[in-house]
file my_file.pdb (PDB, C-alpha atoms and all ligand atoms)
ATOM      1  CA  MET A   1      15.091  -7.927-123.007  1.00  0.00           C
ATOM      2  CA  PRO A   2      18.008  -5.551-122.392  1.00  0.00           C
ATOM      3  CA  ARG A   3      18.656  -6.785-118.854  1.00  0.00           C
ATOM      4  CA  LEU A   4      18.995 -10.403-119.927  1.00  0.00           C
ATOM      5  CA  SER A   5      20.810  -9.920-123.215  1.00  0.00           C
ATOM      6  CA  ALA A   6      24.138  -9.828-121.333  1.00  0.00           C
ATOM      7  CA  PHE A   7      23.572 -13.508-120.426  1.00  0.00           C
ATOM      8  CA  PRO A   8      24.299 -15.845-123.384  1.00  0.00           C
ATOM      9  CA  ILE A   9      22.217 -18.619-121.772  1.00  0.00           C
ATOM     10  CA  THR A  10      19.096 -16.671-122.747  1.00  0.00           C
ATOM     11  CA  GLN A  11      19.906 -17.318-126.423  1.00  0.00           C
ATOM     12  CA  LYS A  12      19.355 -21.076-125.951  1.00  0.00           C
ATOM     13  CA  TRP A  13      16.486 -20.662-123.469  1.00  0.00           C
ATOM     14  CA  PRO A  14      14.723 -17.409-124.482  1.00  0.00           C
ATOM     15  CA  ALA A  15      12.736 -15.659-121.777  1.00  0.00           C
ATOM     16  CA  GLN A  16       9.012 -15.312-122.301  1.00  0.00           C
ATOM     17  CA  ASN A  17       8.890 -12.844-119.445  1.00  0.00           C
ATOM     18  CA  PRO A  18      12.331 -11.204-119.129  1.00  0.00           C
ATOM     19  CA  ASP A  19      11.235  -9.211-116.100  1.00  0.00           C
ATOM     20  CA  VAL A  20      11.054 -12.236-113.767  1.00  0.00           C
ATOM     21  CA  ILE A  21      13.632 -14.624-112.302  1.00  0.00           C
ATOM     22  CA  GLN A  22      14.854 -17.150-114.856  1.00  0.00           C
ATOM     23  CA  LEU A  23      15.391 -20.660-113.454  1.00  0.00           C
ATOM     24  CA  TYR A  24      17.434 -23.306-115.299  1.00  0.00           C
ATOM     25  CA  SER A  25      16.756 -26.638-113.711  1.00  0.00           C
ATOM     26  CA  LEU A  26      15.299 -30.156-113.586  1.00  0.00           C
ATOM     27  CA  PRO A  27      13.156 -31.760-110.858  1.00  0.00           C
ATOM     28  CA  THR A  28      16.125 -33.445-109.096  1.00  0.00           C
ATOM     29  CA  PRO A  29      16.774 -33.034-105.329  1.00  0.00           C
ATOM     30  CA  ASN A  30      19.105 -30.113-106.082  1.00  0.00           C
ATOM     31  CA  GLY A  31      16.844 -28.564-108.697  1.00  0.00           C
ATOM     32  CA  VAL A  32      13.640 -28.621-106.667  1.00  0.00           C
ATOM     33  CA  LYS A  33      15.243 -26.815-103.746  1.00  0.00           C
ATOM     34  CA  VAL A  34      15.105 -23.641-105.800  1.00  0.00           C
ATOM     35  CA  SER A  35      11.639 -24.127-107.304  1.00  0.00           C
ATOM     36  CA  ILE A  36      10.218 -24.946-103.844  1.00  0.00           C
ATOM     37  CA  ALA A  37      11.815 -21.809-102.379  1.00  0.00           C
ATOM     38  CA  LEU A  38      10.499 -19.668-105.260  1.00  0.00           C
ATOM     39  CA  GLU A  39       7.010 -21.096-104.697  1.00  0.00           C
ATOM     40  CA  GLU A  40       7.184 -20.537-100.920  1.00  0.00           C
ATOM     41  CA  LEU A  41       8.343 -16.968-101.427  1.00  0.00           C
ATOM     42  CA  GLU A  42       5.767 -16.347-104.169  1.00  0.00           C
ATOM     43  CA  LEU A  43       8.453 -14.762-106.321  1.00  0.00           C
ATOM     44  CA  PRO A  44       7.482 -14.695-110.004  1.00  0.00           C
ATOM     45  CA  TYR A  45       9.757 -16.885-112.119  1.00  0.00           C
ATOM     46  CA  GLU A  46      10.069 -18.670-115.411  1.00  0.00           C
ATOM     47  CA  ALA A  47      11.460 -22.223-115.455  1.00  0.00           C
ATOM     48  CA  HIS A  48      13.604 -23.621-118.274  1.00  0.00           C
ATOM     49  CA  ARG A  49      14.285 -27.331-118.582  1.00  0.00           C
ATOM     50  CA  VAL A  50      17.969 -28.310-118.862  1.00  0.00           C
ATOM     51  CA  SER A  51      17.822 -31.800-120.306  1.00  0.00           C
ATOM     52  CA  PHE A  52      20.593 -34.219-119.319  1.00  0.00           C
ATOM     53  CA  ASP A  53      19.398 -36.529-122.118  1.00  0.00           C
ATOM     54  CA  THR A  54      20.801 -34.049-124.620  1.00  0.00           C
ATOM     55  CA  ASP A  55      23.673 -32.858-122.370  1.00  0.00           C
ATOM     56  CA  ASP A  56      22.209 -29.355-122.212  1.00  0.00           C
ATOM     57  CA  GLN A  57      24.281 -28.718-119.082  1.00  0.00           C
ATOM     58  CA  MET A  58      27.438 -29.022-121.216  1.00  0.00           C
ATOM     59  CA  SER A  59      26.305 -26.503-123.849  1.00  0.00           C
ATOM     60  CA  PRO A  60      28.341 -23.282-124.155  1.00  0.00           C
ATOM     61  CA  GLU A  61      25.220 -21.289-123.306  1.00  0.00           C
ATOM     62  CA  PHE A  62      24.645 -23.159-120.021  1.00  0.00           C
ATOM     63  CA  LEU A  63      28.364 -23.073-119.172  1.00  0.00           C
ATOM     64  CA  SER A  64      28.327 -19.302-119.611  1.00  0.00           C
ATOM     65  CA  LEU A  65      26.120 -19.131-116.490  1.00  0.00           C
ATOM     66  CA  ASN A  66      27.507 -22.134-114.600  1.00  0.00           C
ATOM     67  CA  PRO A  67      31.000 -23.231-115.642  1.00  0.00           C
ATOM     68  CA  ASN A  68      30.507 -26.203-113.286  1.00  0.00           C
ATOM     69  CA  ASN A  69      27.839 -27.663-115.653  1.00  0.00           C
ATOM     70  CA  LYS A  70      25.254 -28.386-112.972  1.00  0.00           C
ATOM     71  CA  ILE A  71      21.684 -27.369-112.343  1.00  0.00           C
ATOM     72  CA  PRO A  72      20.178 -25.357-110.732  1.00  0.00           C
ATOM     73  CA  ALA A  73      21.159 -21.862-111.842  1.00  0.00           C
ATOM     74  CA  ILE A  74      19.214 -18.614-111.942  1.00  0.00           C
ATOM     75  CA  ILE A  75      19.279 -15.118-113.339  1.00  0.00           C
ATOM     76  CA  ASP A  76      17.464 -12.406-111.450  1.00  0.00           C
ATOM     77  CA  PRO A  77      16.973  -9.427-113.803  1.00  0.00           C
ATOM     78  CA  HIS A  78      16.304  -7.315-110.709  1.00  0.00           C
ATOM     79  CA  GLY A  79      19.196  -8.244-108.432  1.00  0.00           C
ATOM     80  CA  PRO A  80      20.887  -6.109-105.759  1.00  0.00           C
ATOM     81  CA  ASP A  81      20.526  -2.386-106.525  1.00  0.00           C
ATOM     82  CA  ASP A  82      18.299  -3.505-109.407  1.00  0.00           C
ATOM     83  CA  THR A  83      21.355  -4.878-111.231  1.00  0.00           C
ATOM     84  CA  PRO A  84      20.911  -8.272-112.981  1.00  0.00           C
ATOM     85  CA  ILE A  85      22.644 -11.161-111.233  1.00  0.00           C
ATOM     86  CA  GLY A  86      23.371 -14.733-112.325  1.00  0.00           C
ATOM     87  CA  LEU A  87      23.944 -17.424-109.684  1.00  0.00           C
ATOM     88  CA  PHE A  88      24.718 -21.141-109.462  1.00  0.00           C
ATOM     89  CA  GLU A  89      25.086 -23.530-106.449  1.00  0.00           C
ATOM     90  CA  SER A  90      21.738 -24.224-104.845  1.00  0.00           C
ATOM     91  CA  GLY A  91      22.878 -23.185-101.351  1.00  0.00           C
ATOM     92  CA  ALA A  92      23.937 -19.751-102.590  1.00  0.00           C
ATOM     93  CA  ILE A  93      20.683 -19.404-104.546  1.00  0.00           C
ATOM     94  CA  LEU A  94      18.553 -20.328-101.517  1.00  0.00           C
ATOM     95  CA  LEU A  95      20.364 -17.774 -99.400  1.00  0.00           C
ATOM     96  CA  TYR A  96      20.003 -15.130-102.083  1.00  0.00           C
ATOM     97  CA  LEU A  97      16.264 -15.723-102.534  1.00  0.00           C
ATOM     98  CA  ALA A  98      15.559 -15.820 -98.789  1.00  0.00           C
ATOM     99  CA  GLU A  99      17.426 -12.573 -98.243  1.00  0.00           C
ATOM    100  CA  LYS A 100      15.805 -10.921-101.255  1.00  0.00           C
ATOM    101  CA  ALA A 101      12.339 -11.756 -99.939  1.00  0.00           C
ATOM    102  CA  GLY A 102      13.191 -11.380 -96.235  1.00  0.00           C
ATOM    103  CA  ARG A 103      11.628 -14.764 -95.454  1.00  0.00           C
ATOM    104  CA  LEU A 104      12.640 -18.422 -94.917  1.00  0.00           C
ATOM    105  CA  ILE A 105      15.630 -17.315 -92.832  1.00  0.00           C
ATOM    106  CA  PRO A 106      15.536 -15.895 -89.305  1.00  0.00           C
ATOM    107  CA  ASN A 107      16.237 -12.187 -88.879  1.00  0.00           C
ATOM    108  CA  ASP A 108      18.332 -12.555 -85.757  1.00  0.00           C
ATOM    109  CA  PRO A 109      22.039 -13.102 -86.538  1.00  0.00           C
ATOM    110  CA  ILE A 110      22.390 -16.263 -84.439  1.00  0.00           C
ATOM    111  CA  GLY A 111      19.362 -17.911 -86.035  1.00  0.00           C
ATOM    112  CA  ARG A 112      20.569 -16.773 -89.436  1.00  0.00           C
ATOM    113  CA  TYR A 113      24.002 -18.384 -89.063  1.00  0.00           C
ATOM    114  CA  GLU A 114      22.482 -21.525 -87.584  1.00  0.00           C
ATOM    115  CA  THR A 115      20.244 -21.814 -90.644  1.00  0.00           C
ATOM    116  CA  ILE A 116      23.218 -21.302 -92.970  1.00  0.00           C
ATOM    117  CA  GLN A 117      25.091 -23.987 -91.015  1.00  0.00           C
ATOM    118  CA  TRP A 118      22.349 -26.549 -91.775  1.00  0.00           C
ATOM    119  CA  VAL A 119      22.199 -25.482 -95.421  1.00  0.00           C
ATOM    120  CA  MET A 120      25.975 -26.111 -95.587  1.00  0.00           C
ATOM    121  CA  PHE A 121      25.441 -29.476 -93.859  1.00  0.00           C
ATOM    122  CA  GLN A 122      23.239 -30.409 -96.795  1.00  0.00           C
ATOM    123  CA  VAL A 123      25.454 -28.991 -99.538  1.00  0.00           C
ATOM    124  CA  GLY A 124      28.665 -30.495 -98.136  1.00  0.00           C
ATOM    125  CA  GLY A 125      27.304 -33.687 -96.550  1.00  0.00           C
ATOM    126  CA  VAL A 126      23.791 -34.908 -97.289  1.00  0.00           C
ATOM    127  CA  GLY A 127      23.871 -34.085-101.016  1.00  0.00           C
ATOM    128  CA  PRO A 128      27.259 -35.609-101.931  1.00  0.00           C
ATOM    129  CA  MET A 129      26.899 -38.651 -99.652  1.00  0.00           C
ATOM    130  CA  PHE A 130      23.308 -39.514-100.575  1.00  0.00           C
ATOM    131  CA  GLY A 131      24.233 -38.851-104.208  1.00  0.00           C
ATOM    132  CA  GLN A 132      27.123 -41.343-104.026  1.00  0.00           C
ATOM    133  CA  PHE A 133      24.834 -43.838-102.323  1.00  0.00           C
ATOM    134  CA  GLY A 134      22.285 -43.497-105.153  1.00  0.00           C
ATOM    135  CA  HIS A 135      25.012 -43.818-107.759  1.00  0.00           C
ATOM    136  CA  PHE A 136      26.344 -47.133-106.516  1.00  0.00           C
ATOM    137  CA  TYR A 137      23.034 -48.508-105.222  1.00  0.00           C
ATOM    138  CA  LYS A 138      20.918 -47.706-108.253  1.00  0.00           C
ATOM    139  CA  TYR A 139      22.534 -46.103-111.279  1.00  0.00           C
ATOM    140  CA  ALA A 140      25.877 -47.983-111.353  1.00  0.00           C
ATOM    141  CA  ALA A 141      24.746 -51.139-109.531  1.00  0.00           C
ATOM    142  CA  ASP A 142      25.944 -53.318-112.421  1.00  0.00           C
ATOM    143  CA  LYS A 143      29.471 -51.847-112.179  1.00  0.00           C
ATOM    144  CA  VAL A 144      29.844 -52.809-108.507  1.00  0.00           C
ATOM    145  CA  ALA A 145      27.997 -56.129-108.639  1.00  0.00           C
ATOM    146  CA  ASN A 146      31.185 -57.929-107.515  1.00  0.00           C
ATOM    147  CA  ASN A 147      32.169 -55.418-104.864  1.00  0.00           C
ATOM    148  CA  SER A 148      29.876 -54.632-101.933  1.00  0.00           C
ATOM    149  CA  TYR A 149      32.193 -51.993-100.464  1.00  0.00           C
ATOM    150  CA  PRO A 150      30.802 -48.836-102.188  1.00  0.00           C
ATOM    151  CA  VAL A 151      27.180 -49.544-101.221  1.00  0.00           C
ATOM    152  CA  GLU A 152      28.219 -50.541 -97.687  1.00  0.00           C
ATOM    153  CA  ARG A 153      30.276 -47.391 -97.266  1.00  0.00           C
ATOM    154  CA  TYR A 154      27.558 -45.007 -98.432  1.00  0.00           C
ATOM    155  CA  THR A 155      24.782 -46.916 -96.649  1.00  0.00           C
ATOM    156  CA  LYS A 156      26.699 -46.408 -93.426  1.00  0.00           C
ATOM    157  CA  GLU A 157      27.307 -42.738 -94.153  1.00  0.00           C
ATOM    158  CA  ALA A 158      23.706 -42.078 -95.249  1.00  0.00           C
ATOM    159  CA  ARG A 159      22.393 -43.713 -92.072  1.00  0.00           C
ATOM    160  CA  ARG A 160      24.839 -41.707 -89.973  1.00  0.00           C
ATOM    161  CA  LEU A 161      23.594 -38.449 -91.537  1.00  0.00           C
ATOM    162  CA  LEU A 162      19.968 -39.515 -91.065  1.00  0.00           C
ATOM    163  CA  GLY A 163      20.815 -40.119 -87.415  1.00  0.00           C
ATOM    164  CA  VAL A 164      22.130 -36.551 -87.126  1.00  0.00           C
ATOM    165  CA  LEU A 165      18.836 -35.271 -88.562  1.00  0.00           C
ATOM    166  CA  GLU A 166      16.793 -37.549 -86.304  1.00  0.00           C
ATOM    167  CA  GLY A 167      18.559 -36.023 -83.291  1.00  0.00           C
ATOM    168  CA  ARG A 168      18.081 -32.471 -84.524  1.00  0.00           C
ATOM    169  CA  LEU A 169      14.369 -32.948 -85.220  1.00  0.00           C
ATOM    170  CA  LEU A 170      13.560 -34.902 -82.068  1.00  0.00           C
ATOM    171  CA  ASP A 171      12.115 -31.878 -80.302  1.00  0.00           C
ATOM    172  CA  ARG A 172      11.570 -29.615 -83.304  1.00  0.00           C
ATOM    173  CA  GLN A 173       8.910 -29.330 -85.993  1.00  0.00           C
ATOM    174  CA  PHE A 174      11.436 -28.009 -88.484  1.00  0.00           C
ATOM    175  CA  ILE A 175      15.247 -27.804 -88.591  1.00  0.00           C
ATOM    176  CA  MET A 176      15.132 -24.355 -86.975  1.00  0.00           C
ATOM    177  CA  GLY A 177      12.252 -25.123 -84.612  1.00  0.00           C
ATOM    178  CA  ASP A 178       8.856 -23.615 -85.344  1.00  0.00           C
ATOM    179  CA  GLU A 179      10.098 -21.621 -88.331  1.00  0.00           C
ATOM    180  CA  TYR A 180      10.219 -23.269 -91.770  1.00  0.00           C
ATOM    181  CA  THR A 181      13.459 -22.162 -93.439  1.00  0.00           C
ATOM    182  CA  ILE A 182      15.790 -22.751 -96.366  1.00  0.00           C
ATOM    183  CA  ALA A 183      17.490 -25.414 -94.217  1.00  0.00           C
ATOM    184  CA  ASP A 184      14.354 -27.601 -94.487  1.00  0.00           C
ATOM    185  CA  ILE A 185      14.067 -26.829 -98.202  1.00  0.00           C
ATOM    186  CA  ALA A 186      17.718 -27.763 -98.763  1.00  0.00           C
ATOM    187  CA  ILE A 187      17.537 -31.082 -96.930  1.00  0.00           C
ATOM    188  CA  PHE A 188      14.095 -32.653 -97.224  1.00  0.00           C
ATOM    189  CA  PRO A 189      14.158 -33.299-101.026  1.00  0.00           C
ATOM    190  CA  TRP A 190      17.324 -35.378-100.557  1.00  0.00           C
ATOM    191  CA  VAL A 191      15.801 -37.472 -97.783  1.00  0.00           C
ATOM    192  CA  ARG A 192      12.616 -37.877 -99.785  1.00  0.00           C
ATOM    193  CA  GLY A 193      14.722 -39.026-102.738  1.00  0.00           C
ATOM    194  CA  LEU A 194      16.108 -42.015-100.810  1.00  0.00           C
ATOM    195  CA  SER A 195      12.726 -43.724-101.098  1.00  0.00           C
ATOM    196  CA  ASN A 196      11.125 -41.748-103.910  1.00  0.00           C
ATOM    197  CA  GLY A 197      14.096 -41.825-106.292  1.00  0.00           C
ATOM    198  CA  TYR A 198      16.482 -44.570-105.144  1.00  0.00           C
ATOM    199  CA  ASP A 199      13.860 -47.033-103.767  1.00  0.00           C
ATOM    200  CA  ALA A 200      16.219 -47.744-100.880  1.00  0.00           C
ATOM    201  CA  GLU A 201      13.764 -47.944 -97.938  1.00  0.00           C
ATOM    202  CA  GLU A 202      14.839 -51.451 -96.980  1.00  0.00           C
ATOM    203  CA  THR A 203      18.586 -51.189 -97.581  1.00  0.00           C
ATOM    204  CA  LEU A 204      18.755 -47.997 -95.535  1.00  0.00           C
ATOM    205  CA  ARG A 205      16.137 -49.227 -93.053  1.00  0.00           C
ATOM    206  CA  LEU A 206      14.452 -45.867 -93.301  1.00  0.00           C
ATOM    207  CA  SER A 207      11.661 -46.858 -90.921  1.00  0.00           C
ATOM    208  CA  ASP A 208      14.224 -46.461 -88.095  1.00  0.00           C
ATOM    209  CA  PHE A 209      14.089 -42.683 -88.630  1.00  0.00           C
ATOM    210  CA  LYS A 210      10.537 -41.978 -87.537  1.00  0.00           C
ATOM    211  CA  VAL A 211      10.996 -38.333 -86.674  1.00  0.00           C
ATOM    212  CA  VAL A 212      12.779 -37.616 -89.958  1.00  0.00           C
ATOM    213  CA  ASN A 213      10.063 -39.429 -91.927  1.00  0.00           C
ATOM    214  CA  ALA A 214       7.322 -37.358 -90.267  1.00  0.00           C
ATOM    215  CA  TRP A 215       9.262 -34.173 -91.044  1.00  0.00           C
ATOM    216  CA  VAL A 216       9.736 -35.131 -94.714  1.00  0.00           C
ATOM    217  CA  LYS A 217       5.986 -35.729 -94.955  1.00  0.00           C
ATOM    218  CA  ARG A 218       5.270 -32.368 -93.276  1.00  0.00           C
ATOM    219  CA  CYS A 219       7.601 -30.536 -95.676  1.00  0.00           C
ATOM    220  CA  SER A 220       6.468 -32.434 -98.802  1.00  0.00           C
ATOM    221  CA  GLU A 221       2.791 -31.731 -98.194  1.00  0.00           C
ATOM    222  CA  ARG A 222       3.165 -27.966 -98.170  1.00  0.00           C
ATOM    223  CA  PRO A 223       1.455 -26.524-101.272  1.00  0.00           C
ATOM    224  CA  ALA A 224       4.703 -24.856-102.392  1.00  0.00           C
ATOM    225  CA  SER A 225       6.497 -28.204-102.211  1.00  0.00           C
ATOM    226  CA  VAL A 226       3.775 -30.027-104.129  1.00  0.00           C
ATOM    227  CA  LYS A 227       4.164 -27.474-106.918  1.00  0.00           C
ATOM    228  CA  GLY A 228       7.942 -27.003-106.712  1.00  0.00           C
ATOM    229  CA  LEU A 229       8.657 -30.735-106.837  1.00  0.00           C
ATOM    230  CA  THR A 230       7.347 -30.878-110.419  1.00  0.00           C
ATOM    231  CA  VAL A 231       9.287 -27.888-111.840  1.00  0.00           C
ATOM    232  CA  PRO A 232      10.244 -27.598-114.655  1.00  0.00           C
ATOM    233  CA  ALA A 233       7.449 -29.656-116.138  1.00  0.00           C
ATOM    234  CA  LYS A 234       8.269 -32.154-118.902  1.00  0.00           C
ATOM    235  CA  ASN A 235       8.005 -30.500-122.313  1.00  0.00           C
TER     236      ASN A 235
HETATM  237  N1  LIG A 301      26.525 -28.424-105.335  1.00  0.00           N
HETATM  238  C1  LIG A 301      25.624 -28.292-106.454  1.00  0.00           C
HETATM  239  C2  LIG A 301      25.270 -29.658-106.978  1.00  0.00           C
HETATM  240  C3  LIG A 301      24.389 -29.581-108.203  1.00  0.00           C
HETATM  241  C4  LIG A 301      24.264 -30.946-108.882  1.00  0.00           C
HETATM  242  O1  LIG A 301      24.958 -31.897-108.530  1.00  0.00           O
HETATM  243  N2  LIG A 301      23.394 -31.001-109.898  1.00  0.00           N
HETATM  244  C5  LIG A 301      23.241 -32.224-110.671  1.00  0.00           C
HETATM  245  C6  LIG A 301      21.773 -32.658-110.713  1.00  0.00           C
HETATM  246  S1  LIG A 301      21.126 -32.991-109.107  1.00  0.00           S
HETATM  247  C7  LIG A 301      23.677 -31.957-112.100  1.00  0.00           C
HETATM  248  O2  LIG A 301      23.396 -30.910-112.631  1.00  0.00           O
HETATM  249  N3  LIG A 301      24.363 -32.909-112.746  1.00  0.00           N
HETATM  250  C8  LIG A 301      24.725 -32.786-114.133  1.00  0.00           C
HETATM  251  C9  LIG A 301      26.167 -33.128-114.412  1.00  0.00           C
HETATM  252  O3  LIG A 301      26.909 -33.406-113.455  1.00  0.00           O
HETATM  253  O4  LIG A 301      26.542 -33.131-115.568  1.00  0.00           O
HETATM  254  C10 LIG A 301      24.377 -27.525-106.004  1.00  0.00           C
HETATM  255  O5  LIG A 301      23.991 -27.696-104.840  1.00  0.00           O
HETATM  256  O6  LIG A 301      23.823 -26.754-106.807  1.00  0.00           O
END

call {"tool": "encode", "arguments": {"input": "my_file.pdb", "output": "structure tokens"}}
result
Amino acid sequence: MPRLSAFPITQKWPAQNPDVIQLYSLPTPNGVKVSIALEELELPYEAHRVSFDTDDQMSPEFLSLNPNNKIPAIIDPHGPDDTPIGLFESGAILLYLAEKAGRLIPNDPIGRYETIQWVMFQVGGVGPMFGQFGHFYKYAADKVANNSYPVERYTKEARRLLGVLEGRLLDRQFIMGDEYTIADIAIFPWVRGLSNGYDAEETLRLSDFKVVNAWVKRCSERPASVKGLTVPAKN
């Protein structure tokens, strides 16, 4: 696998098929963005499981691809000009894959930037804020049992962001209108995770966001989402 041998991560997670995109991930809201996009685009790929149970993301091999020790990350052995490329940060990966395939992002410059704007809205807003909500509401609930402020703060912020989405989707099928794009793929797994992962329907009063809920259902039911949401499979 001459193209991949320059990437030390492939020593820990050897490629079975070194000619296809290598994905290093877990089925978290950030991880599934990339597997869903790969499925939508029908790009061949091989998924490797980065287990947090064994701190795989802190291994020297993983850090050689993403010094920020977070999934997802990819290597495309056939990158620009057929040169191998390694990438981390899900927003950058989504943009790369959409542009490689020429799909999931509008061709016209205004639509393209508008799509990127909503991807950034997820990466800079929805992801960090919902993630903090989940941390205090679910994973570190015992640590803040005597202090309601963290959950109150992130409940308020999560509901505010859901309100922004509700407004955007009021007269649109998808974030960009009729066209399904990487903006939907970036955002819907995080909204889905509020009920599916954090079990926070009641605290966040998610039933208030009817348009958003219908959109999450629409996105989740796509065959590529059904598949991508389970990648990488448990060993
Ligand atoms: N901004 C990053 C966030 C990635 C991220 O937070 N990944 C989490 C899982 S959802 C992770 O790998 N956490 C492991 C760690 O922090 O050690 C992206 O969008 O790719």

call {"tool": "residues_near_ligand", "arguments": {"input": "my_file.pdb", "ligand": "ligand LIG 301 (chain A)", "cutoff": "7 Å", "atoms": "all atoms listed in the file", "output": "compact mmCIF listing (two decimals) with C-alpha atoms, in the coordinates of the input"}}
result
# COMPACT_ATOMS: atom_id res chain seq x y z
CA THR A 28 16.12 -33.44 -109.10
CA PRO A 29 16.77 -33.03 -105.33
CA ASN A 30 19.10 -30.11 -106.08
CA GLY A 31 16.84 -28.56 -108.70
CA PHE A 52 20.59 -34.22 -119.32
CA GLN A 57 24.28 -28.72 -119.08
CA ASN A 69 27.84 -27.66 -115.65
CA LYS A 70 25.25 -28.39 -112.97
CA ILE A 71 21.68 -27.37 -112.34
CA PRO A 72 20.18 -25.36 -110.73
CA PHE A 88 24.72 -21.14 -109.46
CA GLU A 89 25.09 -23.53 -106.45
CA SER A 90 21.74 -24.22 -104.84
CA GLY A 91 22.88 -23.18 -101.35
CA VAL A 123 25.45 -28.99 -99.54

call {"tool": "closest_residue", "arguments": {"input": "my_file.pdb", "among": "A:Asp184, A:Ile116, A:Leu204, A:Ser25", "to": "Asn66 (chain A)", "atoms": "only C-alpha atoms"}}
result
A:Ser25

call {"tool": "atom_distance", "arguments": {"input": "my_file.pdb", "atom1": "CA of Phe136 (chain A)", "atom2": "CA of Leu194 (chain A)"}}
result
12.8 Å

call {"tool": "residues_around", "arguments": {"input": "my_file.pdb", "residues": "region 32-48 of chain A", "least_positions_apart": "6", "cutoff": "8 Å", "atoms": "only C-alpha atoms", "output": "number ranges by chain"}}
result
A: 13, 15-17, 20-26, 72, 90, 93-94, 97-98, 101, 103-104, 182, 185-186, 189, 224-225, 227-232

call {"tool": "resolve_selection", "arguments": {"input": "my_file.pdb", "expression": "the PyMOL selection byres (((chain A and resi 200) around 12) and not hetatm)", "output": "compact mmCIF listing (two decimals) with C-alpha atoms, in the coordinates of the input"}}
result
# COMPACT_ATOMS: atom_id res chain seq x y z
CA PHE A 130 23.31 -39.51 -100.58
CA PHE A 133 24.83 -43.84 -102.32
CA GLY A 134 22.28 -43.50 -105.15
CA HIS A 135 25.01 -43.82 -107.76
CA PHE A 136 26.34 -47.13 -106.52
CA TYR A 137 23.03 -48.51 -105.22
CA LYS A 138 20.92 -47.71 -108.25
CA VAL A 151 27.18 -49.54 -101.22
CA TYR A 154 27.56 -45.01 -98.43
CA THR A 155 24.78 -46.92 -96.65
CA ALA A 158 23.71 -42.08 -95.25
CA ARG A 159 22.39 -43.71 -92.07
CA VAL A 191 15.80 -37.47 -97.78
CA ARG A 192 12.62 -37.88 -99.78
CA GLY A 193 14.72 -39.03 -102.74
CA LEU A 194 16.11 -42.02 -100.81
CA SER A 195 12.73 -43.72 -101.10
CA ASN A 196 11.12 -41.75 -103.91
CA GLY A 197 14.10 -41.82 -106.29
CA TYR A 198 16.48 -44.57 -105.14
CA ASP A 199 13.86 -47.03 -103.77
CA GLU A 201 13.76 -47.94 -97.94
CA GLU A 202 14.84 -51.45 -96.98
CA THR A 203 18.59 -51.19 -97.58
CA LEU A 204 18.76 -48.00 -95.54
CA ARG A 205 16.14 -49.23 -93.05
CA LEU A 206 14.45 -45.87 -93.30
CA SER A 207 11.66 -46.86 -90.92

call {"tool": "residues_around", "arguments": {"input": "my_file.pdb", "residues": "Lys210 (chain A)", "least_positions_apart": "4", "cutoff": "10 Å", "atoms": "only C-alpha atoms", "output": "VMD selection string"}}
result
chain A and resid 166 170 206 214 to 216

call {"tool": "atom_distance", "arguments": {"input": "my_file.pdb", "atom1": "CA of Asp56 (chain A)", "atom2": "CA of Ala141 (chain A)"}}
result
25.3 Å

call {"tool": "atom_distance", "arguments": {"input": "my_file.pdb", "atom1": "CA of Gly111 (chain A)", "atom2": "CA of Gly167 (chain A)"}}
result
18.3 Å

call {"tool": "residues_around", "arguments": {"input": "my_file.pdb", "residues": "Gly86 (chain A)", "least_positions_apart": "3", "cutoff": "8 Å", "atoms": "all atoms listed in the file", "output": "PDB file with C-alpha atoms, keeping the file's coordinate frame"}}
result
ATOM      1  CA  LEU A  65      26.120 -19.131-116.490  1.00  0.00           C
ATOM      2  CA  ALA A  73      21.159 -21.862-111.842  1.00  0.00           C
ATOM      3  CA  ILE A  74      19.214 -18.614-111.942  1.00  0.00           C
ATOM      4  CA  ILE A  75      19.279 -15.118-113.339  1.00  0.00           C
ATOM      5  CA  ASP A  76      17.464 -12.406-111.450  1.00  0.00           C
TER       6      ASP A  76
END

call {"tool": "closest_residue", "arguments": {"input": "my_file.pdb", "among": "A:Ser64, A:Asn235, A:Asn107, A:Gln132", "to": "Pro8 (chain A)", "atoms": "all atoms listed in the file"}}
result
A:Ser64

call {"tool": "resolve_selection", "arguments": {"input": "my_file.pdb", "expression": "the PyMOL selection byres (((chain A and resi 117) around 12) and not hetatm)", "output": "ChimeraX atom specification"}}
result
/A:91,95,105,110-116,118-125,175-176,182-184,186-187

call {"tool": "axis_aligned_box", "arguments": {"input": "my_file.pdb", "around": "region 87-98 of chain A", "padding_each_side": "3 Å", "output": "AutoDock Vina command-line options"}}
result
--center_x 20.3 --center_y -19.7 --center_z -104.2 --size_x 15.5 --size_y 15.1 --size_z 16.9

call {"tool": "closest_residue", "arguments": {"input": "my_file.pdb", "among": "A:Val226, A:Val126, A:Met58, A:Leu87", "to": "Leu165 (chain A)", "atoms": "all atoms listed in the file"}}
result
A:Val126

call {"tool": "decode", "arguments": {"input": "my_file.pdb", "residues": "region 128-132 of chain A", "atoms": "N, CA and C atoms", "output": "PDB file, in the first residue's frame"}}
result
ATOM      1  N   PRO A 128     -20.774  22.175  19.702  1.00  0.00           N
ATOM      2  CA  PRO A 128     -20.245  22.488  21.046  1.00  0.00           C
ATOM      3  C   PRO A 128     -21.336  22.711  22.091  1.00  0.00           C
ATOM      4  N   MET A 129     -22.412  23.403  21.721  1.00  0.00           N
ATOM      5  CA  MET A 129     -23.445  23.724  22.724  1.00  0.00           C
ATOM      6  C   MET A 129     -24.257  22.486  23.098  1.00  0.00           C
ATOM      7  N   PHE A 130     -24.685  21.717  22.096  1.00  0.00           N
ATOM      8  CA  PHE A 130     -25.425  20.487  22.412  1.00  0.00           C
ATOM      9  C   PHE A 130     -24.507  19.523  23.169  1.00  0.00           C
ATOM     10  N   GLY A 131     -23.237  19.507  22.789  1.00  0.00           N
ATOM     11  CA  GLY A 131     -22.272  18.625  23.457  1.00  0.00           C
ATOM     12  C   GLY A 131     -22.119  18.985  24.937  1.00  0.00           C
ATOM     13  N   GLN A 132     -22.056  20.298  25.227  1.00  0.00           N
ATOM     14  CA  GLN A 132     -21.970  20.728  26.633  1.00  0.00           C
ATOM     15  C   GLN A 132     -23.265  20.392  27.373  1.00  0.00           C
TER      16      GLN A 132
END
